[in-house]
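J.: Please see the structure below; I have some questions.
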Amino acid sequence: MRQRGVTLVELLTTVAVFSILLGIAVPGYGFLVNGTRLASMTNKLNGALSYARSEAIKRGVRVSLCKSTSVDTSSPACDAGAGWQHGWLVFVDQGVIGTFDGADHLLTVQTQKPDDMSVSTTNFSTYASYLPSGVSQGPTHLATGSFHICLGGNKRSLIINSTGRVRLTSGGC
């Protein structure tokens with residue numbers, strides 16, 4: 001008589017070996033997930049900065065980004081108390097500089113789930129603007145500054161030079 005299938009002992013042995021291998025492999029994937037989340041946030045913010053700069057040059061007007069927690073509401077607004085990790089608005093800034101008000105035209109919004117991610121800035125504490133020349137400007141009226149995004153001990157920085165161009169660096173928090 002020929003046996004088909006597996007015995008209970010063989011099945012339990014296979015499950016035990018698979019469980020041990022899974023227990024060893026899963027913690028390593030947390031690093032990959034955090035790296036992907038950090039890269040995603042960096043790319044979204046870099047894309048928003050590049051978009052704002054190109055729109056400012058194309059339209060010949062100031063275009064700003066401001067941090068906001070109300071991006072998914074019917075009336076989004078800038079929120080100086082929010083963090084950049086919560087989201088931001090990109091808009092044609094024709095009213096009060098760095099504030100989304102009635103004279104402004106909303107271009108795009110970005111919402112984020114901050115979880116354990118943090119974003120700190122130099123010279124762009126509440127907003128970042130691009131002038132029609134493509135030069136950046138923040139609340140301190142300086143053209144240079146940076147955004148530092150930290151997650152799980154890793155940091156990516158978006159550094160904006162005096163002409164408004166953005167470059168990326170990596171390091172530790």
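Labels used: A, B, ... for chains in the order of the structure tokens, numbers from 1 for residues in each chain, and numbers from 1 for ligands as shown.
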Can you list, as an NGL selection string, every protein, DNA or RNA residue that comes within 12 Å of Met117 of chain A when you count only C-alpha atoms, leaving out same-chain residues fewer than 3 positions away?

T.: :A and (34-35 or 37-42 or 83-86 or 112-114 or 120 or 148-156 or 173)

J.: Assign secondary structure with DSSP using the backbone only, and return the residues of chain A in helix (DSSP H, G or I) as a PyMOL selection string.

T.: chain A and resi 8-59+84-86

J.: Which residues are close to Lys58 of chain A, i.e. within 12 Å by only C-alpha atoms, leaving aside same-chain residues fewer than 2 positions away? Reply as a list in words.

T.: Tyr51, Ala52, Arg53, Ser54, Glu55, Ala56, Gly60, Val61, Arg62, Val63, Val92, Tyr130, Leu131, Pro132, Ser133 and Gly134 of chain A

J.: Would you mind exporting C-alpha atoms of the selected residues as an mmCIF file, in the first residue's frame?

T.:
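Below is the file that was written, again.cif:
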data_model
loop_
_atom_site.group_PDB
_atom_site.id
_atom_site.type_symbol
_atom_site.label_atom_id
_atom_site.label_comp_id
_atom_site.auth_asym_id
_atom_site.auth_seq_id
_atom_site.Cartn_x
_atom_site.Cartn_y
_atom_site.Cartn_z
ATOM 1 C CA TYR A 51 6.474 71.964 -8.249
ATOM 2 C CA ALA A 52 6.146 75.255 -6.343
ATOM 3 C CA ARG A 53 9.368 76.567 -7.878
ATOM 4 C CA SER A 54 8.365 75.624 -11.423
ATOM 5 C CA GLU A 55 4.888 77.128 -11.015
ATOM 6 C CA ALA A 56 6.345 80.368 -9.631
ATOM 7 C CA GLY A 60 5.476 84.835 -12.792
ATOM 8 C CA VAL A 61 4.052 85.067 -9.251
ATOM 9 C CA ARG A 62 4.976 83.947 -5.744
ATOM 10 C CA VAL A 63 4.042 80.332 -4.987
ATOM 11 C CA VAL A 92 -0.327 80.860 -5.611
ATOM 12 C CA TYR A 130 9.325 80.743 -4.378
ATOM 13 C CA LEU A 131 9.542 84.088 -6.143
ATOM 14 C CA PRO A 132 8.984 84.466 -9.911
ATOM 15 C CA SER A 133 12.763 84.264 -10.362
ATOM 16 C CA GLY A 134 12.787 80.785 -8.774
#

J.: From the set A:Ser50, A:Ile97, A:Tyr127, A:Ala77, which residue has the shortest atom-to-atom contact distance to Leu65 of chain A, counting only C-alpha atoms?

T.: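 Using only C-alpha atoms, Leu65 of chain A sits closest to A:Tyr127.
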
J.: May I have all residues of chain A that DSSP, computed from the backbone, assigns to strand (DSSP E), given as a short mmCIF file (atom, residue, chain, number, x, y, z; two decimals) with C-alpha atoms, in the first residue's frame?

T.:
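To be explicit, this is the file written out as result_8.cif:
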data_model
loop_
_atom_site.label_atom_id
_atom_site.label_comp_id
_atom_site.auth_asym_id
_atom_site.auth_seq_id
_atom_site.Cartn_x
_atom_site.Cartn_y
_atom_site.Cartn_z
CA VAL A 63 4.04 80.33 -4.99
CA SER A 64 4.16 79.10 -1.39
CA LEU A 65 3.98 75.91 0.64
CA CYS A 66 2.65 76.02 4.16
CA LYS A 67 2.16 73.31 6.74
CA GLY A 87 0.78 67.77 5.43
CA TRP A 88 1.04 70.93 3.40
CA LEU A 89 -0.66 73.19 0.88
CA VAL A 90 0.91 74.52 -2.33
CA PHE A 91 -0.75 77.71 -3.54
CA VAL A 92 -0.33 80.86 -5.61
CA HIS A 105 -5.33 79.93 -5.63
CA LEU A 106 -4.80 76.40 -4.27
CA LEU A 107 -2.61 74.26 -6.54
CA THR A 108 -2.24 71.02 -4.59
CA VAL A 109 -2.40 69.52 -1.13
CA GLN A 110 -0.51 66.70 0.57
CA THR A 111 -1.72 64.85 3.60
CA SER A 118 9.52 64.15 12.51
CA VAL A 119 10.38 67.07 10.25
CA SER A 120 12.50 69.99 11.43
CA THR A 121 13.46 73.03 9.39
CA THR A 122 15.98 75.79 9.11
CA TYR A 127 6.15 78.33 5.10
CA ALA A 128 8.46 78.23 2.10
CA SER A 129 7.92 80.51 -0.90
CA TYR A 130 9.32 80.74 -4.38
CA SER A 136 13.24 80.57 -2.37
CA GLN A 137 12.24 82.63 0.63
CA GLY A 145 17.30 76.69 4.32
CA SER A 146 16.62 73.03 4.86
CA PHE A 147 14.10 70.37 5.82
CA HIS A 148 15.31 67.44 7.97
CA ILE A 149 13.11 64.33 7.99
CA CYS A 150 13.85 61.74 10.71
CA LEU A 151 12.50 58.24 11.19
CA ASN A 154 17.79 57.79 9.91
CA LYS A 155 17.63 61.28 8.46
CA ARG A 156 17.21 62.72 5.00
CA SER A 157 17.72 66.42 4.46
CA LEU A 158 16.43 68.62 1.67
CA ILE A 159 18.80 71.56 1.44
CA ILE A 160 17.69 74.59 -0.56
CA VAL A 166 17.03 71.48 -3.74
CA ARG A 167 19.62 68.81 -3.01
CA LEU A 168 19.33 65.69 -0.87
CA THR A 169 21.65 64.39 1.85
CA SER A 170 21.35 61.39 4.15
CA GLY A 171 22.62 60.70 7.63
CA GLY A 172 21.61 59.87 11.17
#

J.: For Gly81 of chain A, please output as a list in words all residues within 10 Å (counting only C-alpha atoms; exclusion window: fewer than 3 positions along the same chain).

T.: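 With the cut-off at 10 Å, the set is Lys67, Ser68, Thr69, Cys78, Trp84, Ser125 and Thr126 of chain A.
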
J.: Between atom CA of Thr99 of chain A and atom CA of Pro76 of chain A, what distance in Å does the model show, to one decimal?

T.: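 Distance reported for this atom pair: 10.8 Å.
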
J.: Would you mind reading off the distance between atom CA of Phe124 of chain A and atom CA of Asp72 of chain A, one decimal, in Å?

T.: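 Computing the Euclidean distance for atom CA of Phe124 of chain A and atom CA of Asp72 of chain A yields 22.6 Å.
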
J.: How many Å lie between atom CA of Gly164 of chain A and atom CA of Ala80 of chain A, rounded to one decimal?

T.: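 These two atoms are separated by 22.3 Å.
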